[in-house]
Amino acid sequence: MLGEAIGTLSADDDLRCIIVRGAGERAFSPGNDIGEFATERADRAQAIEYGRVMHATAQALEDCRHPLLAQIHGLCVGGGLEIAALCDLRICGEGSRFGAPIKNLGLVMAYPEMAPLVRLAGVAVALEILLEGRIFDAAEAKDKGLVTRVVPDAEVATEARAAAQRIADGAPLAARWHKKFARRLTDTRPLTTAERDECFDCYDTEDFRIGYQAFLAKRKPDFLGR
Amino acid sequence: MLGEAIGTLSADDDLRCIIVRGAGERAFSPGNDIGEFATERADRAQAIEYGRVMHATAQALEDCRHPLLAQIHGLCVGGGLEIAALCDLRICGEGSRFGAPIKNLGLVMAYPEMAPLVRLAGVAVALEILLEGRIFDAAEAKDKGLVTRVVPDAEVATEARAAAQRIADGAPLAARWHKKFARRLTDTRPLTTAERDECFDCYDTEDFRIGYQAFLAKRKPDFLGR
Amino acid sequence: MLGEAIGTLSADDDLRCIIVRGAGERAFSPGNDIGEFATERADRAQAIEYGRVMHATAQALEDCRHPLLAQIHGLCVGGGLEIAALCDLRICGEGSRFGAPIKNLGLVMAYPEMAPLVRLAGVAVALEILLEGRIFDAAEAKDKGLVTRVVPDAEVATEARAAAQRIADGAPLAARWHKKFARRLTDTRPLTTAERDECFDCYDTEDFRIGYQAFLAKRKPDFLGR
């Protein structure tokens, strides 16, 4: 469901930033519903079916054209940590807690879930989290490179909104190009000439005229996304 | 010798975590024995022979199936830093000191020694260490991403033991899979379907039944490693 | 012009470290001259010409054989941040400020400019900087992994000189090999045997004799660079 929603939003050219958050303020996500295992992931065959859905969700987040901001209240564990790692920015409260203690269930994190963690915080941090299985606080998550910013719990929504506004105030095409280029740089295949020159397309956009005029006039630009 | 010991331990399915430490508490490793150079590494030909042994040791650590935890008392310099970087977790004391000042000898760090440092802390940190050749303290090592955790010197053994216990309490197969997957993700070749689906094998293990039942019963699981 | 200067310096075997700094102490670089856009980057075609020069400069910094140290006074924004990221060490003052707010102009950072940022600080930090477009202080830059060291503003030149001296005191060939090896490790193609064995060439240098004798005599080595 999250994957489909993100897919729909990604196709909407009018969007400038998507905030991903949990329902309520108790948790971004407390992780998987363990009770569900008996019916939906009781063995390898079921788990493969379930995994296809989960990994399609991860892919939808990975492919989203618009900036994704995780607004993290409270617990951010297991599948929640994986979703947060797939967002572009992560803003959490001082009381947030993180971890992925699946080794206590005898389970392993799949490649499409581990790869974003490794990309975000490095192999050593990802392995520490999975091998020790500790639940740790926001300060440690920041220190480990897992979150962008930690604010007092009461200010998480305000700061997330402010960051989203800063992003939305920028030229939308620039944001999409920056996401696209950053993703491309995690791929090791050499860039084609066409790819290398794509960064110059922005000079022929209406938004560059708008941004440039606004800069000279010392006022805030009002971008149109074209 | 370290390489052979690790190779033997790696093959032992009953193991759950290996602690790597120096003899005594004065040093994890003070680096290479410089006096040895005159007899064992006096020129390029000798150095190549010596290097083959060193790099086989590095490879044995790299290939070890079980979690490796470096328990770092005191100095962790040169070859010691390289060994620590090849472990999965690194726990040191506040008085520990780090560095790789081989530029003072006119020598260079080989690829199999530099690669783990780069993977752990990034190219910029690895180069800073090698170009400046400074010896630095535990706080700076933590800040640079070289160690997992810094504790008071008197608590290094206790914390290393506690971390090893947390690791050993988890499902051993999950630990090995997590190590294998993390290592695989540092390789840029695309994953095969068989590789992508290996994460589902855990659902058919006895340990998953044990972990799941323990979770429902709210008791600690007692994993069997199968 | 910077690119040509670096190219010339790189070819000089007598050099041991290059300090890159701005004119005066107000800024390392305040970023691009926006007024210049009207005449030199008014559209895609002009921007491509301009970009070729910029990217040749980036390539010259990337290819420089000697250690590069960025001595950062004050502002380090946009193109300045990109140049700093292409250096090996970055030493700045507590009052320095960083950022790349080009999304306010509707422009995007090109691959050859973004790649060094991503290599230095990771994809998440690079994207945060580009998407939010904030200007941030030295402490945050350090926290993000963008600078090597922050010192009081009045001590930037002194610390940069001291670090350059530490680098220059080392064996110059070792410094060049370490830079070469570090760069090579960011390339994912497998190492050839010849490449793997290049690390042993240092054992046949005169500087190894000098370094080894100095170590035994407990005096500072006086390297010759051969």
# chains A, B, ... in the order shown; residues from 1 in each chain; ligands from 1
>>> residues_around(residues="Ala85 of chain A", least_positions_apart="4", cutoff="10 Å", atoms="only C-alpha atoms", output="PDB file with N, CA and C atoms, in the first residue's frame")
ATOM      1  N   ALA A  58      10.002  -1.089  -1.267  1.00  0.00           N
ATOM      2  CA  ALA A  58      11.342  -0.497  -1.202  1.00  0.00           C
ATOM      3  C   ALA A  58      11.719   0.106  -2.549  1.00  0.00           C
ATOM      4  N   LEU A  61       9.961   3.434  -3.186  1.00  0.00           N
ATOM      5  CA  LEU A  61      10.609   4.528  -2.459  1.00  0.00           C
ATOM      6  C   LEU A  61      11.915   4.914  -3.160  1.00  0.00           C
ATOM      7  N   GLU A  62      12.666   3.910  -3.546  1.00  0.00           N
ATOM      8  CA  GLU A  62      13.937   4.114  -4.245  1.00  0.00           C
ATOM      9  C   GLU A  62      13.735   4.895  -5.553  1.00  0.00           C
ATOM     10  N   ALA A  70      11.489  11.669   5.970  1.00  0.00           N
ATOM     11  CA  ALA A  70      10.904  10.842   7.033  1.00  0.00           C
ATOM     12  C   ALA A  70      10.764  11.678   8.299  1.00  0.00           C
ATOM     13  N   GLY A  79      11.417  -2.873   9.982  1.00  0.00           N
ATOM     14  CA  GLY A  79      10.939  -2.369   8.701  1.00  0.00           C
ATOM     15  C   GLY A  79      10.831  -0.850   8.684  1.00  0.00           C
ATOM     16  N   GLY A  80      10.592  -0.245   9.849  1.00  0.00           N
ATOM     17  CA  GLY A  80      10.517   1.218   9.932  1.00  0.00           C
ATOM     18  C   GLY A  80      11.869   1.852   9.650  1.00  0.00           C
ATOM     19  N   LEU A  81      12.909   1.261  10.186  1.00  0.00           N
ATOM     20  CA  LEU A  81      14.259   1.771   9.940  1.00  0.00           C
ATOM     21  C   LEU A  81      14.611   1.646   8.456  1.00  0.00           C
ATOM     22  N   LEU A  89      15.770  12.544   3.585  1.00  0.00           N
ATOM     23  CA  LEU A  89      16.120  13.177   4.856  1.00  0.00           C
ATOM     24  C   LEU A  89      15.359  12.462   5.962  1.00  0.00           C
ATOM     25  N   ARG A  90      15.925  12.437   7.150  1.00  0.00           N
ATOM     26  CA  ARG A  90      15.329  11.793   8.310  1.00  0.00           C
ATOM     27  C   ARG A  90      15.413  12.745   9.497  1.00  0.00           C
ATOM     28  N   GLU A 113      16.688  -4.576   1.593  1.00  0.00           N
ATOM     29  CA  GLU A 113      16.491  -3.834   2.835  1.00  0.00           C
ATOM     30  C   GLU A 113      17.836  -3.409   3.427  1.00  0.00           C
ATOM     31  N   MET A 114      18.846  -4.268   3.280  1.00  0.00           N
ATOM     32  CA  MET A 114      20.146  -3.969   3.856  1.00  0.00           C
ATOM     33  C   MET A 114      20.911  -2.937   3.027  1.00  0.00           C
ATOM     34  N   ALA A 115      20.735  -2.986   1.701  1.00  0.00           N
ATOM     35  CA  ALA A 115      21.500  -2.086   0.827  1.00  0.00           C
ATOM     36  C   ALA A 115      21.301  -0.604   1.173  1.00  0.00           C
ATOM     37  N   PRO A 116      20.057  -0.147   1.415  1.00  0.00           N
ATOM     38  CA  PRO A 116      19.898   1.278   1.755  1.00  0.00           C
ATOM     39  C   PRO A 116      20.561   1.634   3.096  1.00  0.00           C
ATOM     40  N   LEU A 117      20.555   0.712   4.049  1.00  0.00           N
ATOM     41  CA  LEU A 117      21.231   0.936   5.336  1.00  0.00           C
ATOM     42  C   LEU A 117      22.742   1.074   5.137  1.00  0.00           C
ATOM     43  N   VAL A 118      23.301   0.181   4.322  1.00  0.00           N
ATOM     44  CA  VAL A 118      24.740   0.210   4.043  1.00  0.00           C
ATOM     45  C   VAL A 118      25.105   1.502   3.327  1.00  0.00           C
ATOM     46  N   ARG A 119      24.270   1.886   2.371  1.00  0.00           N
ATOM     47  CA  ARG A 119      24.529   3.122   1.611  1.00  0.00           C
ATOM     48  C   ARG A 119      24.479   4.332   2.552  1.00  0.00           C
ATOM     49  N   LEU A 120      23.561   4.310   3.498  1.00  0.00           N
ATOM     50  CA  LEU A 120      23.377   5.453   4.404  1.00  0.00           C
ATOM     51  C   LEU A 120      24.470   5.533   5.459  1.00  0.00           C
ATOM     52  N   ALA A 121      24.804   4.403   6.075  1.00  0.00           N
ATOM     53  CA  ALA A 121      25.655   4.452   7.266  1.00  0.00           C
ATOM     54  C   ALA A 121      26.911   3.597   7.170  1.00  0.00           C
ATOM     55  N   LEU A 146      22.571   7.650  10.808  1.00  0.00           N
ATOM     56  CA  LEU A 146      21.268   7.102  10.402  1.00  0.00           C
ATOM     57  C   LEU A 146      20.193   8.174  10.268  1.00  0.00           C
ATOM     58  N   VAL A 147      20.334   9.283  10.992  1.00  0.00           N
ATOM     59  CA  VAL A 147      19.348  10.365  10.872  1.00  0.00           C
ATOM     60  C   VAL A 147      20.042  11.670  10.501  1.00  0.00           C
TER      61      VAL A 147
ATOM     62  N   ALA C 124      23.578  10.708   1.218  1.00  0.00           N
ATOM     63  CA  ALA C 124      22.538  11.367   2.013  1.00  0.00           C
ATOM     64  C   ALA C 124      22.935  12.806   2.346  1.00  0.00           C
TER      65      ALA C 124
END
>>> interface_residues(of="chain A", to="chain B", cutoff="10 Å", atoms="only C-alpha atoms", output="PyMOL selection string")
chain A and resi 34-35+37-38+41-48+51+101-112+114-115+118-119+122-128+130-134+143-144+186-189
>>> select_by_dssp(residues="segment 26-174 of chain C", states="helix (DSSP H, G or I)", output="ChimeraX atom specification")
/C:34-40,44-63,79-86,102-104,111-121,123-132,138-143,153-169,172-174
>>> closest_residue(among="A:Gly31, A:Gly7, A:Pro190, A:Gly22", to="Ala157 of chain A", atoms="only C-alpha atoms")
A:Gly22
>>> closest_residue(among="A:His66, A:Lys218, A:His55, A:Arg149", to="Ile83 of chain A", atoms="only C-alpha atoms")
A:His55
>>> residues_around(residues="Glu25 of chain C", least_positions_apart="3", cutoff="9 Å", atoms="only C-alpha atoms", output="list in words")
Arg21, Gly22, Phe28, Ile72, His73 and Gly74 of chain C
>>> select_by_dssp(residues="segment 93-192 of chain B", states="strand (DSSP E or B)", output="VMD selection string")
chain B and resid 93 97 to 99 136 to 137 149 to 151
>>> decode(residues="segment 112-183 of chain A", atoms="C-alpha atoms", output="CSV table (one decimal), in the first residue's frame")
chain,number,residue,atom,x,y,z
A,112,PRO,CA,16.9,-4.8,-0.8
A,113,GLU,CA,16.5,-3.8,2.8
A,114,MET,CA,20.1,-4.0,3.9
A,115,ALA,CA,21.5,-2.1,0.8
A,116,PRO,CA,19.9,1.3,1.8
A,117,LEU,CA,21.2,0.9,5.3
A,118,VAL,CA,24.7,0.2,4.0
A,119,ARG,CA,24.5,3.1,1.6
A,120,LEU,CA,23.4,5.5,4.4
A,121,ALA,CA,25.7,4.5,7.3
A,122,GLY,CA,28.3,2.1,5.9
A,123,VAL,CA,28.9,-1.6,6.2
A,124,ALA,CA,30.3,-1.5,9.7
A,125,VAL,CA,27.3,0.3,11.2
A,126,ALA,CA,24.8,-1.9,9.4
A,127,LEU,CA,26.5,-5.1,10.6
A,128,GLU,CA,26.8,-3.8,14.2
A,129,ILE,CA,23.0,-3.1,14.2
A,130,LEU,CA,22.2,-6.6,12.9
A,131,LEU,CA,24.8,-8.6,14.9
A,132,GLU,CA,24.2,-7.0,18.3
A,133,GLY,CA,20.6,-6.3,17.8
A,134,ARG,CA,20.5,-3.4,20.3
A,135,ILE,CA,17.8,-0.8,20.5
A,136,PHE,CA,19.6,2.6,20.7
A,137,ASP,CA,18.6,6.3,21.1
A,138,ALA,CA,18.4,9.2,18.8
A,139,ALA,CA,21.9,10.6,19.7
A,140,GLU,CA,23.5,7.3,18.8
A,141,ALA,CA,21.5,7.1,15.6
A,142,LYS,CA,22.7,10.6,14.6
A,143,ASP,CA,26.3,9.6,15.5
A,144,LYS,CA,25.9,6.5,13.3
A,145,GLY,CA,24.7,8.6,10.4
A,146,LEU,CA,21.3,7.1,10.4
A,147,VAL,CA,19.3,10.4,10.9
A,148,THR,CA,19.8,13.8,9.4
A,149,ARG,CA,18.7,15.8,12.4
A,150,VAL,CA,17.5,15.3,16.0
A,151,VAL,CA,15.2,17.9,17.5
A,152,PRO,CA,13.2,18.0,20.8
A,153,ASP,CA,10.2,15.6,20.5
A,154,ALA,CA,7.7,18.4,20.5
A,155,GLU,CA,9.4,20.0,17.5
A,156,VAL,CA,9.6,17.1,15.2
A,157,ALA,CA,6.6,18.1,13.1
A,158,THR,CA,7.6,21.7,13.0
A,159,GLU,CA,11.2,21.0,11.8
A,160,ALA,CA,10.0,18.4,9.3
A,161,ARG,CA,7.6,20.9,7.9
A,162,ALA,CA,10.3,23.7,7.8
A,163,ALA,CA,12.7,21.4,6.0
A,164,ALA,CA,10.0,20.3,3.5
A,165,GLN,CA,9.3,24.0,2.9
A,166,ARG,CA,12.9,24.7,2.2
A,167,ILE,CA,12.9,21.9,-0.3
A,168,ALA,CA,9.6,23.0,-1.8
A,169,ASP,CA,10.9,26.6,-2.1
A,170,GLY,CA,13.7,25.4,-4.5
A,171,ALA,CA,13.3,24.7,-8.2
A,172,PRO,CA,11.4,21.4,-8.4
A,173,LEU,CA,13.2,20.3,-11.5
A,174,ALA,CA,16.6,20.9,-9.8
A,175,ALA,CA,15.4,18.7,-6.9
A,176,ARG,CA,14.4,15.9,-9.2
A,177,TRP,CA,17.7,16.1,-11.1
A,178,HIS,CA,19.7,16.1,-7.9
A,179,LYS,CA,17.9,13.0,-6.7
A,180,LYS,CA,18.4,11.3,-10.1
A,181,PHE,CA,22.1,12.2,-10.2
A,182,ALA,CA,22.7,11.2,-6.6
A,183,ARG,CA,21.1,7.8,-7.3
